[in-house]
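Undergrad: File entry-v5.cif below, mmCIF, C-alpha atoms:
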data_start
#
loop_
_atom_site.label_atom_id
_atom_site.label_comp_id
_atom_site.auth_asym_id
_atom_site.auth_seq_id
_atom_site.Cartn_x
_atom_site.Cartn_y
_atom_site.Cartn_z
CA MET A 1 -58.26 45.89 -37.60
CA ALA A 2 -57.80 43.22 -40.26
CA ASP A 3 -54.74 45.05 -41.54
CA ILE A 4 -53.26 44.97 -38.07
CA ASP A 5 -54.00 41.26 -37.75
CA ASN A 6 -52.46 40.61 -41.15
CA LYS A 7 -49.41 42.63 -40.16
CA ASP A 8 -49.05 40.70 -36.90
CA GLN A 9 -49.48 37.43 -38.76
CA ALA A 10 -46.81 38.46 -41.26
CA GLU A 11 -44.43 39.34 -38.42
CA LEU A 12 -45.12 35.96 -36.81
CA ASP A 13 -44.54 34.21 -40.13
CA MET A 14 -41.22 36.06 -40.53
CA ALA A 15 -40.24 35.08 -36.99
CA ASP A 16 -41.12 31.47 -37.78
CA MET A 17 -39.06 31.64 -40.94
CA GLU A 18 -36.12 33.03 -39.00
CA ASP A 19 -36.42 30.14 -36.57
CA VAL A 20 -36.53 27.70 -39.45
CA GLU A 21 -33.50 29.31 -41.05
CA ASP A 22 -31.60 29.13 -37.76
CA VAL A 23 -32.32 25.44 -37.48
CA GLU A 24 -31.41 24.79 -41.10
CA ASP A 25 -28.03 26.47 -40.57
CA GLU A 26 -27.09 23.61 -38.17
CA GLU A 27 -26.44 20.09 -39.33
CA PRO A 28 -29.05 17.59 -38.16
CA GLY A 29 -26.44 15.23 -36.68
CA GLU A 30 -24.87 17.93 -34.54
CA ASP A 31 -28.27 18.99 -33.22
CA VAL A 32 -29.13 15.43 -32.18
CA ASN A 33 -25.74 14.91 -30.57
CA SER A 34 -26.01 18.21 -28.71
CA LYS A 35 -29.44 17.31 -27.35
CA ALA A 36 -28.20 13.86 -26.38
CA ARG A 37 -25.28 15.37 -24.46
CA GLN A 38 -27.57 17.81 -22.68
CA LEU A 39 -29.98 15.03 -21.76
CA THR A 40 -27.14 12.84 -20.49
CA ALA A 41 -25.75 15.69 -18.42
CA GLN A 42 -29.17 16.31 -16.85
CA MET A 43 -29.60 12.62 -16.07
CA MET A 44 -26.16 12.36 -14.51
CA GLN A 45 -26.98 15.24 -12.19
CA ASN A 46 -30.01 13.37 -10.84
CA PRO A 47 -28.90 11.41 -7.73
CA GLN A 48 -31.79 8.95 -8.04
CA ILE A 49 -30.81 8.03 -11.60
CA LEU A 50 -27.16 7.70 -10.57
CA ALA A 51 -28.11 5.40 -7.69
CA ALA A 52 -30.26 3.24 -9.96
CA LEU A 53 -27.47 3.06 -12.54
CA GLN A 54 -24.90 2.08 -9.91
CA GLU A 55 -27.24 -0.63 -8.59
CA ARG A 56 -27.63 -1.97 -12.11
CA LEU A 57 -23.87 -1.99 -12.68
CA ASP A 58 -23.27 -3.73 -9.35
CA GLY A 59 -25.71 -6.42 -10.44
CA LEU A 60 -23.70 -7.00 -13.60
CA VAL A 61 -20.45 -7.72 -11.74
CA GLY A 62 -19.50 -11.33 -12.36
CA SER A 63 -22.37 -11.90 -14.76
CA PRO A 64 -21.67 -13.24 -18.26
CA SER A 65 -21.44 -10.80 -21.12
CA GLY A 66 -24.21 -10.53 -23.68
CA TYR A 67 -21.81 -11.93 -26.26
CA MET A 68 -21.41 -15.17 -24.32
CA GLU A 69 -25.17 -15.50 -23.97
CA SER A 70 -25.56 -15.12 -27.73
CA LEU A 71 -23.18 -17.97 -28.58
CA PRO A 72 -24.61 -21.24 -29.91
CA LYS A 73 -24.81 -24.07 -27.37
CA VAL A 74 -22.13 -26.09 -29.13
CA VAL A 75 -19.68 -23.15 -28.82
CA LYS A 76 -20.59 -22.59 -25.17
CA ARG A 77 -19.84 -26.27 -24.58
CA ARG A 78 -16.33 -25.83 -25.98
CA VAL A 79 -15.79 -22.66 -23.91
CA ASN A 80 -16.62 -24.73 -20.81
CA ALA A 81 -13.89 -27.15 -21.85
CA LEU A 82 -11.43 -24.23 -22.00
CA LYS A 83 -12.48 -23.17 -18.50
CA ASN A 84 -11.75 -26.65 -17.19
CA LEU A 85 -8.31 -26.43 -18.77
CA GLN A 86 -7.81 -23.08 -17.06
CA VAL A 87 -8.63 -24.62 -13.67
CA LYS A 88 -5.97 -27.28 -14.30
CA CYS A 89 -3.50 -24.49 -15.19
CA ALA A 90 -4.25 -22.83 -11.84
CA GLN A 91 -3.60 -26.13 -10.04
CA ILE A 92 -0.24 -26.51 -11.80
CA GLU A 93 0.59 -22.89 -10.94
CA ALA A 94 -0.14 -23.67 -7.28
CA LYS A 95 2.40 -26.53 -7.43
CA PHE A 96 4.90 -24.15 -9.03
CA TYR A 97 4.60 -21.74 -6.10
CA GLU A 98 4.95 -24.59 -3.63
CA GLU A 99 8.29 -25.44 -5.23
CA VAL A 100 9.25 -21.76 -5.16
CA HIS A 101 8.57 -21.82 -1.42
CA GLU A 102 10.87 -24.83 -1.10
CA LEU A 103 13.58 -22.92 -2.97
CA GLU A 104 13.09 -19.92 -0.68
CA ARG A 105 13.57 -22.20 2.31
CA LYS A 106 16.71 -23.72 0.77
CA TYR A 107 18.32 -20.37 -0.04
CA ALA A 108 17.25 -18.84 3.28
CA ALA A 109 19.64 -21.30 4.90
CA LEU A 110 22.43 -20.04 2.62
CA TYR A 111 21.68 -16.39 3.36
CA GLN A 112 21.42 -16.87 7.13
CA PRO A 113 25.17 -17.00 7.95
CA LEU A 114 25.56 -13.62 6.20
CA PHE A 115 22.60 -12.17 8.08
CA ASP A 116 24.02 -13.55 11.35
CA LYS A 117 27.31 -11.80 10.66
CA ARG A 118 25.42 -8.60 9.89
CA SER A 119 23.71 -8.92 13.25
CA ASP A 120 27.03 -9.49 15.02
CA ILE A 121 28.45 -6.30 13.50
CA VAL A 122 25.36 -4.27 14.38
CA LYS A 123 25.36 -5.35 18.02
CA ALA A 124 29.17 -5.12 18.37
CA ALA A 125 29.69 -8.86 18.80
CA TYR A 126 32.13 -8.81 15.87
CA GLU A 127 34.48 -6.09 14.61
CA PRO A 128 34.95 -6.32 10.82
CA THR A 129 38.49 -6.36 9.43
CA ASP A 130 39.95 -3.54 7.33
CA GLU A 131 39.57 -5.72 4.26
CA GLU A 132 35.89 -6.32 5.02
CA CYS A 133 35.35 -2.57 5.43
CA GLU A 134 36.84 -1.59 2.07
CA TRP A 135 34.20 -0.25 -0.30
CA GLU A 136 34.69 1.44 -3.65
CA ALA A 137 31.76 3.64 -4.56
CA ASP A 138 30.45 3.51 -8.11
CA GLU A 139 30.23 6.69 -10.14
CA GLU A 140 26.50 6.78 -9.50
CA GLU A 141 27.16 6.64 -5.77
CA GLU A 142 29.49 9.65 -5.76
CA LEU A 143 28.03 12.36 -3.60
CA THR A 144 27.31 15.82 -4.94
CA VAL A 145 28.90 18.87 -3.32
CA SER A 146 25.67 19.81 -1.56
CA LYS A 147 25.28 16.25 -0.31
CA GLN A 148 28.85 16.25 0.98
CA GLU A 149 28.19 19.47 2.89
CA GLU A 150 25.05 17.98 4.35
CA MET A 151 26.95 14.89 5.44
CA LYS A 152 29.72 16.98 6.99
CA GLU A 153 27.18 18.96 8.99
CA LYS A 154 25.53 15.75 10.13
CA ALA A 155 28.91 14.29 11.07
CA LYS A 156 29.69 17.41 13.08
CA VAL A 157 26.49 17.03 15.08
CA GLU A 158 27.25 13.37 15.65
CA GLU A 159 30.77 14.21 16.82
CA GLU A 160 29.39 16.69 19.33
CA LYS A 161 27.01 14.02 20.59
CA LYS A 162 29.92 11.60 20.96
CA ASP A 163 31.90 14.14 22.94
CA LYS A 164 29.00 14.47 25.35
CA GLU A 165 28.71 10.72 25.75
CA LYS A 166 32.52 10.38 26.10
CA GLU A 167 32.24 6.84 24.79
CA ASP A 168 33.11 5.07 21.59
CA PRO A 169 29.95 3.78 19.88
CA LYS A 170 29.57 0.03 19.88
CA GLY A 171 28.53 -1.69 16.68
CA ILE A 172 26.05 0.36 14.65
CA PRO A 173 23.79 2.21 17.12
CA GLU A 174 20.06 2.39 16.37
CA PHE A 175 20.50 0.41 13.16
CA TRP A 176 17.00 -1.05 12.94
CA LEU A 177 15.32 2.05 14.36
CA THR A 178 16.96 4.07 11.57
CA VAL A 179 15.77 1.53 8.99
CA PHE A 180 12.21 1.83 10.28
CA LYS A 181 12.31 5.63 10.31
CA ASN A 182 13.63 5.71 6.74
CA VAL A 183 10.74 3.65 5.34
CA ASP A 184 7.38 5.41 5.14
CA LEU A 185 5.38 2.20 5.50
CA LEU A 186 7.10 1.49 8.82
CA SER A 187 7.64 5.02 10.12
CA ASP A 188 3.89 5.61 9.94
CA MET A 189 3.53 2.92 12.63
CA LEU A 190 6.11 4.45 14.95
CA GLN A 191 5.18 6.66 17.87
CA GLU A 192 7.61 8.74 19.89
CA HIS A 193 7.27 6.40 22.86
CA ASP A 194 8.24 3.41 20.64
CA GLU A 195 11.66 4.75 19.72
CA PRO A 196 13.45 4.17 23.07
CA ILE A 197 12.35 0.53 22.88
CA LEU A 198 13.34 -0.01 19.25
CA LYS A 199 16.83 1.24 20.05
CA HIS A 200 17.25 -2.16 21.72
CA LEU A 201 16.22 -4.11 18.57
CA GLN A 202 19.27 -6.06 17.43
CA ASP A 203 18.03 -8.24 14.59
CA ILE A 204 15.03 -9.39 12.54
CA LYS A 205 14.98 -12.89 11.09
CA VAL A 206 12.65 -14.62 8.65
CA LYS A 207 11.86 -18.27 9.35
CA PHE A 208 9.99 -20.47 6.85
CA SER A 209 7.71 -23.36 7.75
CA ASP A 210 9.26 -26.83 7.88
CA PRO A 211 8.89 -29.21 4.94
CA GLY A 212 5.53 -30.97 4.94
CA GLN A 213 3.94 -28.29 7.13
CA PRO A 214 1.31 -25.77 5.92
CA MET A 215 2.94 -22.85 4.11
CA SER A 216 3.85 -19.99 6.47
CA PHE A 217 6.67 -17.71 7.55
CA SER A 218 7.60 -16.03 10.82
CA LEU A 219 9.27 -12.72 11.60
CA GLU A 220 11.45 -12.88 14.71
CA PHE A 221 12.44 -9.59 16.38
CA TYR A 222 15.47 -10.00 18.67
CA PHE A 223 15.95 -7.49 21.50
CA GLU A 224 18.78 -6.98 23.92
CA THR A 225 17.94 -6.84 27.63
CA ASN A 226 15.91 -3.72 28.32
CA ASP A 227 13.68 -2.06 30.93
CA PHE A 228 10.46 -2.36 28.90
CA PHE A 229 9.75 -6.09 28.64
CA THR A 230 11.38 -9.39 29.51
CA ASN A 231 11.00 -11.07 26.09
CA GLN A 232 14.20 -11.57 24.16
CA VAL A 233 12.30 -12.45 20.97
CA LEU A 234 8.95 -11.17 19.69
CA THR A 235 7.37 -13.28 16.95
CA LYS A 236 4.78 -12.70 14.24
CA THR A 237 3.66 -15.67 12.11
CA TYR A 238 1.86 -15.38 8.78
CA LYS A 239 -0.20 -18.29 7.44
CA MET A 240 -0.26 -18.62 3.67
CA ARG A 241 -2.32 -20.47 1.09
CA SER A 242 -1.10 -21.52 -2.34
CA GLU A 243 -4.05 -23.27 -3.91
CA PRO A 244 -6.98 -22.07 -6.01
CA ASP A 245 -10.20 -21.32 -4.19
CA GLU A 246 -12.75 -23.96 -5.24
CA SER A 247 -15.51 -21.36 -5.42
CA ASP A 248 -13.38 -18.95 -7.52
CA PRO A 249 -10.38 -20.78 -9.07
CA PHE A 250 -9.73 -18.12 -11.71
CA SER A 251 -8.81 -15.53 -9.06
CA PHE A 252 -5.67 -17.48 -8.07
CA ASP A 253 -2.56 -15.35 -8.49
CA GLY A 254 0.04 -17.06 -6.34
CA PRO A 255 0.39 -17.55 -2.57
CA GLU A 256 -1.63 -15.23 -0.38
CA ILE A 257 -1.52 -14.46 3.34
CA ILE A 258 -4.73 -15.71 4.95
CA GLY A 259 -4.06 -15.01 8.62
CA CYS A 260 -1.47 -14.06 11.21
CA THR A 261 -0.77 -14.56 14.89
CA GLY A 262 1.32 -12.43 17.21
CA CYS A 263 2.77 -13.13 20.62
CA GLN A 264 2.34 -12.02 24.21
CA ILE A 265 4.64 -9.24 25.31
CA ASP A 266 5.65 -9.49 28.97
CA TRP A 267 5.73 -5.80 29.81
CA THR A 268 7.50 -4.43 32.83
CA LYS A 269 5.03 -2.78 35.20
CA GLY A 270 4.24 0.74 34.02
CA LYS A 271 6.12 0.33 30.71
CA ASN A 272 3.35 -0.97 28.42
CA VAL A 273 3.24 1.58 25.60
CA THR A 274 0.22 -0.10 23.95
CA LEU A 275 -1.99 1.16 26.78
CA LYS A 276 -2.46 4.60 28.30
CA THR A 277 -4.21 5.87 31.38
CA ILE A 278 -6.71 8.68 31.08
CA LYS A 279 -8.66 10.54 33.75
CA LYS A 280 -12.31 11.50 33.37
CA LYS A 281 -14.49 13.62 35.57
CA GLN A 282 -17.96 12.26 36.33
CA LYS A 283 -20.78 14.27 37.87
CA HIS A 284 -23.39 12.55 40.07
CA LYS A 285 -26.88 13.23 38.72
CA GLY A 286 -28.57 13.43 42.10
CA ARG A 287 -26.00 14.93 44.50
CA GLY A 288 -24.09 16.97 41.92
CA THR A 289 -20.76 15.82 43.29
CA VAL A 290 -17.83 15.34 40.90
CA ARG A 291 -15.38 12.47 40.99
CA THR A 292 -12.31 11.63 38.88
CA VAL A 293 -12.22 8.18 37.30
CA THR A 294 -9.02 6.61 35.98
CA LYS A 295 -9.42 4.45 32.89
CA THR A 296 -6.97 2.37 30.83
CA VAL A 297 -7.49 2.54 27.06
CA PRO A 298 -5.57 1.30 23.96
CA ASN A 299 -2.73 3.49 22.76
CA ASP A 300 -1.20 3.85 19.28
CA SER A 301 2.09 1.97 19.12
CA PHE A 302 4.26 -0.07 16.78
CA PHE A 303 3.99 -2.92 19.26
CA ASN A 304 0.30 -3.38 18.45
CA PHE A 305 1.80 -5.15 15.42
CA PHE A 306 2.21 -8.20 17.68
CA CYS A 307 -1.48 -8.28 18.58
CA PRO A 308 -3.42 -8.41 15.28
CA PRO A 309 -7.21 -8.85 15.11
CA GLU A 310 -8.32 -12.47 15.36
CA VAL A 311 -10.01 -13.87 12.27
CA PRO A 312 -13.13 -15.87 13.25
CA GLU A 313 -13.76 -19.29 11.68
CA SER A 314 -16.52 -17.76 9.58
CA GLY A 315 -13.97 -15.33 8.15
CA ASP A 316 -16.34 -12.39 8.69
CA LEU A 317 -14.66 -9.20 9.88
CA ASP A 318 -15.83 -5.64 10.33
CA GLU A 319 -14.38 -2.97 8.02
CA ASP A 320 -11.89 -1.64 10.58
CA SER A 321 -10.48 -5.11 11.29
CA GLU A 322 -10.25 -5.86 7.57
CA ALA A 323 -8.31 -2.64 7.00
CA VAL A 324 -5.95 -3.40 9.90
CA LEU A 325 -5.29 -6.92 8.62
CA ALA A 326 -4.78 -5.74 5.03
CA ALA A 327 -2.15 -3.25 6.21
CA ASP A 328 -0.64 -5.90 8.50
CA PHE A 329 -0.26 -8.36 5.62
CA GLU A 330 1.37 -5.69 3.47
CA ILE A 331 3.86 -4.83 6.23
CA GLY A 332 4.69 -8.48 6.90
CA HIS A 333 5.30 -9.14 3.22
CA PHE A 334 7.43 -5.99 2.89
CA LEU A 335 9.58 -6.91 5.90
CA ARG A 336 10.14 -10.39 4.52
CA GLU A 337 10.80 -9.46 0.89
CA ARG A 338 12.61 -6.12 1.19
CA ILE A 339 13.65 -4.99 4.66
CA VAL A 340 15.33 -8.10 6.06
CA PRO A 341 17.27 -9.02 2.88
CA LYS A 342 18.44 -5.42 2.19
CA ALA A 343 18.48 -3.80 5.62
CA VAL A 344 21.79 -1.96 5.13
CA LEU A 345 20.49 -0.27 1.96
CA TYR A 346 17.42 0.99 3.81
CA PHE A 347 19.71 2.15 6.64
CA THR A 348 21.81 4.22 4.20
CA GLY A 349 18.77 5.29 2.18
CA GLU A 350 20.05 3.81 -1.09
CA ALA A 351 17.17 1.34 -1.42
CA ILE A 352 14.70 4.17 -0.84
CA GLU A 353 16.33 6.25 -3.59
CA ASP A 354 16.04 3.28 -5.96
CA ASP A 355 12.33 2.98 -5.12
CA ASP A 356 11.87 6.71 -5.76
CA ASP A 357 13.70 6.43 -9.09
CA ASP A 358 11.29 3.70 -10.19
CA TYR A 359 8.31 5.91 -9.40
CA ASP A 360 9.91 8.91 -11.14
CA GLU A 361 10.49 6.90 -14.29
CA GLU A 362 6.85 5.82 -14.33
CA GLY A 363 5.82 9.41 -13.79
CA GLU A 364 8.01 10.61 -16.66
CA GLU A 365 6.55 7.99 -18.97
CA ALA A 366 3.05 9.06 -18.00
CA ASP A 367 3.97 12.70 -18.59
CA ASP A 368 5.39 11.83 -22.01
CA GLU A 369 2.22 9.96 -22.95
CA GLU A 370 0.07 12.87 -21.84
CA GLY A 371 2.24 15.25 -23.84
CA GLU A 372 1.88 13.09 -26.95
CA GLU A 373 -1.90 12.93 -26.47
CA GLU A 374 -2.10 16.71 -26.13
CA ALA A 375 -0.02 17.18 -29.27
CA ASP A 376 -2.22 14.75 -31.20
CA GLU A 377 -5.35 16.54 -30.04
CA GLU A 378 -4.02 19.94 -31.04
CA ASN A 379 -3.17 18.61 -34.52
CA ASP A 380 -6.63 17.09 -34.88
CA PRO A 381 -8.84 19.41 -36.98
CA GLU A 382 -11.89 18.29 -34.98
CA TYR A 383 -10.24 18.95 -31.61
CA ASP A 384 -12.25 21.34 -29.43
CA PRO A 385 -10.37 22.63 -26.36
CA LYS A 386 -13.61 23.82 -24.78
CA LYS A 387 -14.76 20.22 -24.39
CA ASP A 388 -11.70 19.43 -22.27
CA ALA A 389 -12.05 22.62 -20.28
CA ASN A 390 -15.64 21.73 -19.39
CA PRO A 391 -15.91 18.03 -18.55
CA PRO A 392 -19.33 16.37 -18.73
CA ALA A 393 -21.51 16.37 -15.65
CA GLU A 394 -20.75 12.71 -14.90
CA CYS A 395 -17.06 13.55 -14.49
CA LYS A 396 -17.84 16.38 -12.11
CA GLN A 397 -19.93 14.08 -9.98
CA GLN A 398 -17.02 11.71 -9.33
#
I need this file expressed as structure tokens, please.
TA:
Amino acid sequence: MADIDNKDQAELDMADMEDVEDVEDEEPGEDVNSKARQLTAQMMQNPQILAALQERLDGLVGSPSGYMESLPKVVKRRVNALKNLQVKCAQIEAKFYEEVHELERKYAALYQPLFDKRSDIVKAAYEPTDEECEWEADEEEELTVSKQEEMKEKAKVEEEKKDKEKEDPKGIPEFWLTVFKNVDLLSDMLQEHDEPILKHLQDIKVKFSDPGQPMSFSLEFYFETNDFFTNQVLTKTYKMRSEPDESDPFSFDGPEIIGCTGCQIDWTKGKNVTLKTIKKKQKHKGRGTVRTVTKTVPNDSFFNFFCPPEVPESGDLDEDSEAVLAADFEIGHFLRERIVPKAVLYFTGEAIEDDDDDYDEEGEEADDEEGEEEADEENDPEYDPKKDANPPAECKQQ
């Protein structure tokens, strides 16, 4: 019996030695790192730990770094002096943007005669001369064979449409509607029932606030007489601020839109595309009879643009209203900065192609950087492709 016990003990000792040898084959540092990675992965898979970590990180937002806390008082005092200088820089920057606004107003007056002539051509109030219509395309603007074929086919369809109408087109039909449909930011707002109305849009003008008045700009949409509403002009005004916020002066980054107001649209009876009528059936609980109820509810439309959410004095808005206003501000800024000044290039699509080229170039640069990183990794003797193929648990959680 003792021999058996001794034999078993020997086998156990050999097993222990094998375990020891296995451990000794690995480097201590790698073992520790491996265990640390496993422990981190397990922690990151625990939702309670993730929530606690996120709460901790949220609490650190805006708080001073540990380095700042470790500085001697005399150094902190000097850093405070630098912050005061930075506030003064922000105040000077605000004055700079005020003068930029004055320059915009000055040059807007110089641009306006050209924009007025553009409007006259679009709405057939002025026929340009042969000299004014001459245009020599650059080499970059030369159309490819496939593009030429596409244009010919499009021209053929247009010719057939003209034959049906048996009229010569006046001005440039559907100029602004085409601009809107060519720009994703604007076309996303358009509904099918908006298009017949926007065919009557003849011009969009930008008007800046008068000197001495609070900074703002207005977008004026001019319509020809139509069957949908009686307004000749629909207006959207954007209020701006160009001064540092006293509670957070370091966040100042130039003028910002702080609010906007629309206008009342005087719709013709039965033509209001911002509302729709729906019918609902209601069943009486006691008698069991069914009746049909007609109800008017909001409807998706571009013309909701002229009725933005009101910002209360407190400035508090729900998430939906904040999202609507954020998109509204972006659209107003885009119309002012890009669409109105370069409308013809958005009509032809050339401005859109330029925008796409900018994004492509950025994409190519990013691809090149990624390619260089991959090449560097492959040349690195410590590079392990399995690590990239299996990202840590915290990446998978995101």
Undergrad: Just to confirm, what's the straight-line distance from CA of Ser301 in chain A to CA of Asp116 in chain A in Å (one decimal)?
TA: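 Value for the CA of Ser301 in chain A-CA of Asp116 in chain A distance: 28.0 Å.
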Undergrad: Which residues match the PyMOL selection byres ((chain A and resi 104) around 12) in the file above, as a list in words?
TA: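 Residues picked by the PyMOL selection byres ((chain A and resi 104) around 12): Tyr97, Glu98, Glu99, Val100, His101, Glu102, Leu103, Arg105, Lys106, Tyr107, Ala108, Ala109, Leu110, Tyr111, Gln112, Val206, Lys207, Phe208, Ser209, Asp210, Pro211, Met215, Ser216, Phe217, Arg336 and Glu337 of chain A.
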Undergrad: So how far away is CA of Arg338 in chain A from CA of Lys123 in chain A, in Å?
TA: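 One can read the CA of Lys123 in chain A to CA of Arg338 in chain A distance as 21.1 Å.
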Undergrad: Could you jot down the CA of Asp328 in chain A to CA of Ile258 in chain A separation for me, Å, one decimal place?
TA: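 These atoms are spaced 11.2 Å apart.
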Undergrad: Decode the PyMOL selection byres ((chain A and resi 232) around 10) for the given file into explicit residues and return them as a PyMOL selection string.
TA: chain A and resi 201+220-226+229-231+233-234+265
Undergrad: Which residue is closest to Phe334 in chain A? Choose from A:Trp267, A:Tyr67, A:Phe250, A:Phe180 and count all atoms listed in the file.
TA: A:Phe180
Undergrad: For each of A:Thr268, A:Thr178, A:Ser242, A:Thr261, take the minimum atom-to-atom distance to Asp227 in chain A, counting all atoms listed in the file, then give the residue where this is smallest.
TA: A:Thr268
Undergrad: Can you give me, as number ranges by chain, the residues this file yields under the PyMOL selection byres ((chain A and resi 308) around 10)?
TA: A: 236, 259-263, 304-307, 309-311, 321, 324-325, 328
Undergrad: Put those residues in a file: C-alpha atoms, as a compact mmCIF listing (two decimals), in the coordinates of the input.
TA:
# COMPACT_ATOMS: atom_id res chain seq x y z
CA LYS A 236 4.78 -12.70 14.24
CA GLY A 259 -4.06 -15.01 8.62
CA CYS A 260 -1.47 -14.06 11.21
CA THR A 261 -0.77 -14.56 14.89
CA GLY A 262 1.32 -12.43 17.21
CA CYS A 263 2.77 -13.13 20.62
CA ASN A 304 0.30 -3.38 18.45
CA PHE A 305 1.80 -5.15 15.42
CA PHE A 306 2.21 -8.20 17.68
CA CYS A 307 -1.48 -8.28 18.58
CA PRO A 309 -7.21 -8.85 15.11
CA GLU A 310 -8.32 -12.47 15.36
CA VAL A 311 -10.01 -13.87 12.27
CA SER A 321 -10.48 -5.11 11.29
CA VAL A 324 -5.95 -3.40 9.90
CA LEU A 325 -5.29 -6.92 8.62
CA ASP A 328 -0.64 -5.90 8.50
Undergrad: From the set A:Val297, A:Leu85, A:Val179, A:Ala327, which residue has the shortest atom-to-atom contact distance to Asn272 in chain A, counting all atoms listed in the file?
TA: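 Ranked by minimum distance to Asn272 in chain A, first place goes to A:Val297.
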